[in-house]
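Contents: one structure, followed by commentary.
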Amino acid sequence: MSRTPDERLINFGIHVKKLRESLNLSQDQVVANSEKLTKATISDIENGKRNAAVTTLLDLARGLKVHPRNILDFNFKFEE
């Protein structure tokens with residue numbers, strides 16, 4: 001049984017990838033900066049395949065060297 005991708009995760013992943021690229025960081029550099037993330041985790045997030053926990057979001061912010069609010073500053077729709 002295949003699952004329908006969650007649009008929020010896809011949009012979040014697009015946002016994270018754009019943020020990383022705007023900072024001229026590779027996934028490897030984010031891994032080196034965060035010390036807790038793997039390249040596979042970053043790839044899964046950027047491709048909308050992972051629903052990141054708060055601790056992962058904080059590690060991602062550390063890896064990108066941005067405030068966590070920048071990670072969550074993207075457009076999404078609240079589901080009813």
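The way I read the labels, and the way they are meant: chains A, B, ... in the order of the structure tokens, residue 1 as the first residue of every chain, and ligand 1 as the first ligand shown, with later ones counted on from there.
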| task | Pick out the residues sitting within 10 Å of stretch 4-17 of chain A, and hand them over as a PyMOL selection string; count only C-alpha atoms, and ignore anything fewer than 4 positions along from it in its own chain. | result | chain A and resi 21-23+25-27+42-52+60-61+64+70-79
Mind checking DSSP for stretch 7-78 of chain A and telling me the alpha helix (DSSP H) residues as a tab-separated table (two decimals) with C-alpha atoms, in the first residue's frame?
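Everything below was put into part06.tsv:
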```
chain	number	residue	atom	x	y	z
A	7	GLU	CA	2.21	18.26	1.02
A	8	ARG	CA	3.42	19.98	4.19
A	9	LEU	CA	6.50	17.77	4.34
A	10	ILE	CA	7.20	18.32	0.65
A	11	ASN	CA	6.89	22.10	1.02
A	12	PHE	CA	9.04	22.06	4.14
A	13	GLY	CA	11.69	20.03	2.33
A	14	ILE	CA	11.72	22.47	-0.57
A	15	HIS	CA	12.11	25.33	1.92
A	16	VAL	CA	15.02	23.63	3.73
A	17	LYS	CA	16.81	22.88	0.46
A	18	LYS	CA	16.39	26.47	-0.77
A	19	LEU	CA	17.62	27.78	2.58
A	20	ARG	CA	20.68	25.50	2.48
A	21	GLU	CA	21.47	26.46	-1.11
A	22	SER	CA	21.02	30.19	-0.36
A	27	GLN	CA	24.62	18.58	2.67
A	28	ASP	CA	28.06	17.43	3.84
A	29	GLN	CA	28.76	20.86	5.33
A	30	VAL	CA	25.44	20.81	7.19
A	31	VAL	CA	26.35	17.38	8.59
A	32	ALA	CA	29.76	18.68	9.72
A	33	ASN	CA	28.19	21.73	11.38
A	34	SER	CA	25.46	19.83	13.22
A	39	LYS	CA	23.42	13.15	4.95
A	40	ALA	CA	20.58	10.63	4.55
A	41	THR	CA	18.48	12.50	7.13
A	42	ILE	CA	19.01	15.81	5.36
A	43	SER	CA	18.18	14.23	2.01
A	44	ASP	CA	14.99	12.67	3.42
A	45	ILE	CA	13.90	16.01	4.88
A	46	GLU	CA	14.63	17.89	1.66
A	54	VAL	CA	11.86	19.08	17.25
A	55	THR	CA	15.35	17.88	18.21
A	56	THR	CA	16.10	17.19	14.54
A	57	LEU	CA	14.89	20.68	13.61
A	58	LEU	CA	17.22	22.17	16.23
A	59	ASP	CA	20.13	20.08	14.91
A	60	LEU	CA	19.27	21.18	11.38
A	61	ALA	CA	19.29	24.83	12.45
A	62	ARG	CA	22.69	24.30	14.04
A	63	GLY	CA	23.96	22.63	10.86
A	64	LEU	CA	22.69	25.50	8.71
A	68	PRO	CA	15.33	27.70	14.30
A	69	ARG	CA	12.60	30.21	13.35
A	70	ASN	CA	14.19	30.38	9.88
A	71	ILE	CA	13.63	26.65	9.48
```
